[in-house]
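Notes follow once the structure below has been shown.
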Amino acid sequence: WWYVTPYLYDRQGRLVGKYRKSHCLPYERGPGPDAGFALGDDLPVFSTDIGPIGLKIGTDHYFPEIDMVLRRRGAKLIVWSTSPFPVRDEHWITFALQGRAVDLDVYYAVARYAGRKGYGGYEDRFSWTGTWPIGRAQVFAPDGHTLADSGHAGGLAVATVPAAALVGSVNPKAGLDTEGPYRLATAPNDQLPPPWPRSSDKPRTARVAAVECEPNIDRLLEKLDHCGQQHCDLVCLWEYVWYQNDQEVEKYRQRNEQWLRQIAEKAGKHKMYIVIAGELHRGFNEAILYDRQGKELGRYTKIIQTTPKESKYYQAGDRVGIFDLDFGRICVKICADVYAPLLDLTAGLHQVDLMLHPTQDAGPYGEFIRWRDGHRAVDHGYFLLRATSPCGPSDHRAYILDPWGMVLAASQHLTNNEPVIVNLQLDNRPKYFEWPERLRAKGPYPDGYQQKQWPVAKGDLRSVLLQHRRPELYRPKP
């Protein structure tokens, strides 16, 4: 057996440590039983005079659990070295890295292939000819911004980082949750839930809407009528607060329950699902899902609860909000639940099609939010409906994202917006690609994209990745 290994040396040229690549995709193991390389069995973090450092290599990138574990074990800097993947998609890779930097509060140093003209077919031509650049070297800050970039021509990406920002200690036994609402993150792969049960191979579509904050109930009902007239299948409403304290819970309960009945009636009238969230009528923050008949299908109690603990009604959720609808599987999270990246990981392990996020979350700034939201959509393979409220920053919007992190539609700035509506092709998702075996036999990365030499799609990427997770490495060590 042989290993794929990055080495870490100190300033005197002495070996600090090494990491053996721990994850792989099917094409990396080769076609025969004796081909390929052996996998390592640890996710180490190394103590250095500049701070704790974690290492990754190649297709480790597709497994965000690695980054989460390295961060919990103390890494302040994650170094990722890679060669080109079968599909060259810089947006997808870079966007995920920026979002992980934001989510995990960690620096990234990235060494990817760049190339001179002619290398790998790069000839300054249009992307459809297969001649776009392969990658570049980059350094990302914990706020997601690029500190250094070599450019596509190659070279060095040199960044200055405050020494204090990298100070920390190594906790080699830390890991992801084994108990509580996110325990699925470390469960054996054979215990993962089955995907949404399909009744046919017919491509699935869903017309969905995200509706910005509408404080006037009559106008909100009118907007729901608009969604119905547009034949929406699913509507995600904002995170509403209909009382301010325990006394108001009781004072306004009758009114608030009447509003909920009116919303449910719109679901039944227009044969569409509706999700509304917030401080609604029971004294704690929750989401309610109404079905196409206007009946309550389920509730999700906010896990990172923002109801004051002093309230006699206080209640925090203990499960992730997963629901099966007639066109696919959804997950619901509310506002401050964004501070739990493992919630989104859990949703991905359930293979949800859509994440619904009713939220008053407004910061720290719009770019941060899009990186955080976008990388989770990329890493966990779902569409996102974000129903928020307008505010001062011009880039703070309600929007709908796809699993590549692209905004498909968004609200306008500081207007009385109509619902944001998109017709989603739910099966149009990232695919797993590999080079044909006849090309891989000549080397793992064929030189150049030719118009007749393209990698082959072999199934849904998320489904493939779920089979190659290694949850035994994500658990805390005894």
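In the structure tokens, chains take the letters A, B, ... in the order shown, each chain's residues start at 1, and ligands count up from 1 in the order shown.
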Checklist entry - Can you list, as a list in words, every protein, DNA or RNA residue that comes within 10 Å of Glu265 in chain A when you count only C-alpha atoms, leaving out same-chain residues fewer than 3 positions away? => result Leu221, Trp259, Leu260, Arg261, Gln262, Gly268, Lys269, His270, Lys271, Tyr290, Arg292, Gln293, Gly294 and Lys295 of chain A
Filtering to C-alpha atoms, could you give me those residues as a PDB file, in the first residue's frame?
```
ATOM      1  CA  LEU A 221     -52.775  37.246   3.160  1.00  0.00           C
ATOM      2  CA  TRP A 259     -54.094  34.874  12.131  1.00  0.00           C
ATOM      3  CA  LEU A 260     -52.684  31.342  11.973  1.00  0.00           C
ATOM      4  CA  ARG A 261     -56.081  29.973  10.961  1.00  0.00           C
ATOM      5  CA  GLN A 262     -56.257  32.536   8.169  1.00  0.00           C
ATOM      6  CA  GLY A 268     -55.907  24.874   1.770  1.00  0.00           C
ATOM      7  CA  LYS A 269     -57.458  27.300  -0.703  1.00  0.00           C
ATOM      8  CA  HIS A 270     -54.416  27.316  -2.986  1.00  0.00           C
ATOM      9  CA  LYS A 271     -53.302  23.718  -2.366  1.00  0.00           C
ATOM     10  CA  TYR A 290     -49.345  23.594   6.875  1.00  0.00           C
ATOM     11  CA  ARG A 292     -52.033  21.509   0.869  1.00  0.00           C
ATOM     12  CA  GLN A 293     -55.329  20.905   2.677  1.00  0.00           C
ATOM     13  CA  GLY A 294     -54.650  23.641   5.208  1.00  0.00           C
ATOM     14  CA  LYS A 295     -53.983  21.141   7.987  1.00  0.00           C
TER      15      LYS A 295
END
```
Determine, using only C-alpha atoms, which residues of range 264-362 of chain A have any atom at most 12 Å from an atom of range 406-425 of chain A, and tabulate each with its shortest atom pair and distance in Å to one decimal place, rows ordered by chain and then rising number, as JSON lines.
```
{"residue": "A:Phe327", "atom": "CA", "partner": "A:Gln425", "partner_atom": "CA", "distance": 11.0}
{"residue": "A:Gly328", "atom": "CA", "partner": "A:Gln425", "partner_atom": "CA", "distance": 11.3}
{"residue": "A:Asp353", "atom": "CA", "partner": "A:Leu424", "partner_atom": "CA", "distance": 10.3}
{"residue": "A:Leu354", "atom": "CA", "partner": "A:Leu424", "partner_atom": "CA", "distance": 10.0}
```
Item to check | DSSP strand (DSSP E or B) residues within range 164-241 of chain A, listed as a list in words | outcome: Thr205, Ala206, Arg207, Val208, Ala209, Ala210, Leu234, Val235, Cys236, Leu237, Trp238, Glu239, Tyr240 and Val241 of chain A
Enumerate, in order of chain and increasing residue number, the residues of range 454-477 of chain A with an atom no farther than 10 Å from range 53-69 of chain A, each with its shortest atom pair and distance in Å to one decimal, counting only C-alpha atoms, as a tab-separated table.
```
residue	atom	partner	partner_atom	distance
A:Leu461	CA	A:Tyr62	CA	9.5
A:Arg462	CA	A:Tyr62	CA	9.4
A:Leu465	CA	A:Tyr62	CA	7.5
A:Leu466	CA	A:Phe63	CA	9.2
A:His468	CA	A:Phe63	CA	9.0
A:Arg469	CA	A:Phe63	CA	7.3
A:Arg470	CA	A:Glu65	CA	9.1
A:Pro471	CA	A:Glu65	CA	8.6
A:Leu473	CA	A:Ile66	CA	8.6
A:Tyr474	CA	A:Val69	CA	6.1
A:Arg475	CA	A:Val69	CA	8.4
A:Pro476	CA	A:Val69	CA	9.0
```
Write the residues of the preceding selection, restricted to N, CA and C atoms, as a compact mmCIF listing (two decimals), in the first residue's frame.
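part-v2.txt, freshly written:
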```
# COMPACT_ATOMS: atom_id res chain seq x y z
N LEU A 461 -23.78 13.60 -6.69
CA LEU A 461 -22.57 13.78 -5.90
C LEU A 461 -22.82 13.54 -4.42
N ARG A 462 -23.89 14.12 -3.89
CA ARG A 462 -24.13 13.97 -2.45
C ARG A 462 -24.30 12.50 -2.07
N LEU A 465 -20.88 10.92 -1.93
CA LEU A 465 -20.11 11.38 -0.77
C LEU A 465 -20.59 10.71 0.51
N LEU A 466 -21.89 10.54 0.65
CA LEU A 466 -22.42 9.92 1.87
C LEU A 466 -21.90 8.50 2.05
N HIS A 468 -18.93 7.58 1.33
CA HIS A 468 -17.48 7.62 1.57
C HIS A 468 -17.11 8.47 2.78
N ARG A 469 -18.11 8.86 3.57
CA ARG A 469 -17.82 9.51 4.85
C ARG A 469 -17.13 8.51 5.78
N ARG A 470 -16.41 9.04 6.77
CA ARG A 470 -15.76 8.18 7.75
C ARG A 470 -16.08 8.69 9.15
N PRO A 471 -17.31 8.45 9.61
CA PRO A 471 -17.76 9.03 10.88
C PRO A 471 -16.94 8.59 12.08
N LEU A 473 -13.91 8.78 12.32
CA LEU A 473 -12.85 9.78 12.49
C LEU A 473 -13.38 11.10 13.03
N TYR A 474 -14.68 11.29 13.00
CA TYR A 474 -15.26 12.56 13.43
C TYR A 474 -15.60 12.57 14.92
N ARG A 475 -15.60 11.40 15.54
CA ARG A 475 -16.01 11.31 16.94
C ARG A 475 -14.88 11.75 17.87
N PRO A 476 -15.23 12.22 19.07
CA PRO A 476 -14.18 12.50 20.06
C PRO A 476 -13.41 11.23 20.38
```
Residue list (alpha helix (DSSP H), DSSP) for range 137-278 of chain A, as an mmCIF file with C-alpha atoms, in the first residue's frame:
```cif
data_model
loop_
_atom_site.group_PDB
_atom_site.id
_atom_site.type_symbol
_atom_site.label_atom_id
_atom_site.label_comp_id
_atom_site.auth_asym_id
_atom_site.auth_seq_id
_atom_site.Cartn_x
_atom_site.Cartn_y
_atom_site.Cartn_z
ATOM 1 C CA ILE A 217 -51.787 40.598 8.218
ATOM 2 C CA ASP A 218 -54.145 41.679 5.436
ATOM 3 C CA ARG A 219 -51.274 42.418 3.062
ATOM 4 C CA LEU A 220 -49.614 39.141 4.078
ATOM 5 C CA LEU A 221 -52.775 37.246 3.160
ATOM 6 C CA GLU A 222 -52.846 39.087 -0.169
ATOM 7 C CA LYS A 223 -49.277 37.967 -0.828
ATOM 8 C CA LEU A 224 -50.273 34.393 -0.087
ATOM 9 C CA ASP A 225 -53.082 34.776 -2.612
ATOM 10 C CA HIS A 226 -50.469 35.973 -5.105
ATOM 11 C CA CYS A 227 -48.402 32.837 -4.404
ATOM 12 C CA GLY A 228 -51.494 30.747 -4.987
ATOM 13 C CA GLN A 229 -52.265 32.499 -8.258
ATOM 14 C CA ASP A 246 -45.529 36.293 28.867
ATOM 15 C CA GLN A 247 -48.383 38.679 29.505
ATOM 16 C CA GLU A 248 -48.720 39.427 25.808
ATOM 17 C CA VAL A 249 -48.659 35.714 24.978
ATOM 18 C CA GLU A 250 -51.936 35.437 26.842
ATOM 19 C CA LYS A 251 -53.298 38.841 25.849
ATOM 20 C CA ARG A 253 -53.311 34.494 21.905
ATOM 21 C CA GLN A 254 -56.822 34.617 20.469
ATOM 22 C CA ARG A 255 -55.806 37.173 17.839
ATOM 23 C CA ASN A 256 -52.637 35.285 16.929
ATOM 24 C CA GLU A 257 -54.415 31.962 16.602
ATOM 25 C CA GLN A 258 -56.953 33.626 14.331
ATOM 26 C CA TRP A 259 -54.094 34.874 12.131
ATOM 27 C CA LEU A 260 -52.684 31.342 11.973
ATOM 28 C CA ARG A 261 -56.081 29.973 10.961
ATOM 29 C CA GLN A 262 -56.257 32.536 8.169
ATOM 30 C CA ILE A 263 -52.807 31.506 6.936
ATOM 31 C CA ALA A 264 -53.795 27.833 7.096
ATOM 32 C CA GLU A 265 -56.923 28.623 5.075
ATOM 33 C CA LYS A 266 -54.743 30.103 2.329
ATOM 34 C CA ALA A 267 -52.721 26.879 2.250
ATOM 35 C CA GLY A 268 -55.907 24.874 1.770
ATOM 36 C CA LYS A 269 -57.458 27.300 -0.703
ATOM 37 C CA HIS A 270 -54.416 27.316 -2.986
#
```
Checklist entry - By how many Å are CA of Arg438 in chain A and CA of Ile93 in chain A apart? => result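 Rounded to one decimal, the two atoms are 26.8 Å apart.
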Checklist entry - Separation of CA of Asn245 in chain A and CA of Gly283 in chain A, in Å? => result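 Interatomic distance here is 8.0 Å.
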Next on the checklist: Can you measure CA of Leu289 in chain A to CA of Ile274 in chain A for me? One decimal in Å is fine.
Outcome noted: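 Spanning CA of Leu289 in chain A to CA of Ile274 in chain A is a straight-line distance of 5.8 Å.
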Next on the checklist: When you look at Val87 in chain A with a cut-off of 9 Å (counting only C-alpha atoms), what residues show up, excluding the ones that are within fewer than 2 positions of it in the same chain? I need them as a list of chain:residue names.
Outcome noted: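 Here the answer would be A:Pro84, A:Phe85, A:Asp89, A:Phe433, A:Glu434, A:Trp454, A:Pro455.
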Item to check | Polymer residues at most 7 Å from Ser22 in chain A, only C-alpha atoms, same-chain spacing of 6 or more positions, as a PyMOL selection string | outcome: chain A and resi 39-41
Go ahead and save the residues from that selection, with N, CA and C atoms, as a PDB file, in the first residue's frame.
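Saved result, selection14.pdb, follows:
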```
ATOM      1  N   LEU A  39      -5.921   4.549   3.081  1.00  0.00           N
ATOM      2  CA  LEU A  39      -6.386   5.752   3.758  1.00  0.00           C
ATOM      3  C   LEU A  39      -5.814   5.833   5.166  1.00  0.00           C
ATOM      4  N   GLY A  40      -5.508   7.049   5.589  1.00  0.00           N
ATOM      5  CA  GLY A  40      -5.101   7.268   6.961  1.00  0.00           C
ATOM      6  C   GLY A  40      -6.288   7.203   7.901  1.00  0.00           C
ATOM      7  N   ASP A  41      -6.012   7.110   9.193  1.00  0.00           N
ATOM      8  CA  ASP A  41      -7.065   6.926  10.187  1.00  0.00           C
ATOM      9  C   ASP A  41      -7.036   7.991  11.274  1.00  0.00           C
TER      10      ASP A  41
END
```
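In this comparison, which uses only C-alpha atoms, the residue of A:Gln360, A:Gln467, A:Thr5, A:Thr346 approaching Leu176 in chain A most closely is A:Thr346.
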Checklist entry - Leaving out Trp242 in chain A and any residue of its chain fewer than 5 positions from it, which residues lie within 8 Å of it when counting only C-alpha atoms, given as a ChimeraX atom specification? => result /A:252,256,279-281
Item to check | Contacts of range 362-373 of chain A at 6 Å (only C-alpha atoms; same-chain gap of 3+ positions) as a VMD selection string | outcome: chain A and resid 99 376 395 to 396
Item to check | 12 Å contact set for Asn171 in chain A, only C-alpha atoms, chain neighbours under 3 positions out, as a list of chain:residue names | outcome: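 Neighbouring residues, sequence-local ones excluded: A:Leu43, A:Pro44, A:Val45, A:Phe46, A:Ser47, A:Pro52, A:Ile53, A:Gly54, A:Val69, A:Leu70, A:Arg71, A:Arg72, A:Arg73, A:Gly74, A:Ala75, A:Lys76, A:Gly168, A:Ala174, A:Gly175, A:Pro476, A:Lys477.
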Convert the current residue selection to file output with C-alpha atoms, as a PDB file, in the first residue's frame.
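selection03.pdb was written with the following content:
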```pdb
ATOM      1  CA  LEU A  43      -7.357  13.960  11.544  1.00  0.00           C
ATOM      2  CA  PRO A  44      -4.424  15.495  13.429  1.00  0.00           C
ATOM      3  CA  VAL A  45      -3.755  19.118  14.320  1.00  0.00           C
ATOM      4  CA  PHE A  46      -0.142  20.150  14.826  1.00  0.00           C
ATOM      5  CA  SER A  47       1.227  22.649  17.322  1.00  0.00           C
ATOM      6  CA  PRO A  52      -2.191  25.103  15.567  1.00  0.00           C
ATOM      7  CA  ILE A  53      -2.293  23.891  11.950  1.00  0.00           C
ATOM      8  CA  GLY A  54      -4.488  21.287  10.282  1.00  0.00           C
ATOM      9  CA  VAL A  69     -13.104  18.313  13.312  1.00  0.00           C
ATOM     10  CA  LEU A  70      -9.812  20.127  12.662  1.00  0.00           C
ATOM     11  CA  ARG A  71     -11.328  23.331  14.017  1.00  0.00           C
ATOM     12  CA  ARG A  72     -12.671  21.618  17.129  1.00  0.00           C
ATOM     13  CA  ARG A  73      -9.228  20.154  17.683  1.00  0.00           C
ATOM     14  CA  GLY A  74      -7.817  23.648  17.758  1.00  0.00           C
ATOM     15  CA  ALA A  75      -6.682  24.447  14.210  1.00  0.00           C
ATOM     16  CA  LYS A  76      -6.439  28.183  13.546  1.00  0.00           C
ATOM     17  CA  GLY A 168      -4.295  28.638  20.306  1.00  0.00           C
ATOM     18  CA  ALA A 174     -12.129  16.709  20.384  1.00  0.00           C
ATOM     19  CA  GLY A 175     -14.703  15.706  17.812  1.00  0.00           C
ATOM     20  CA  PRO A 476     -14.177  12.500  20.062  1.00  0.00           C
ATOM     21  CA  LYS A 477     -11.294  10.247  21.021  1.00  0.00           C
TER      22      LYS A 477
END
```
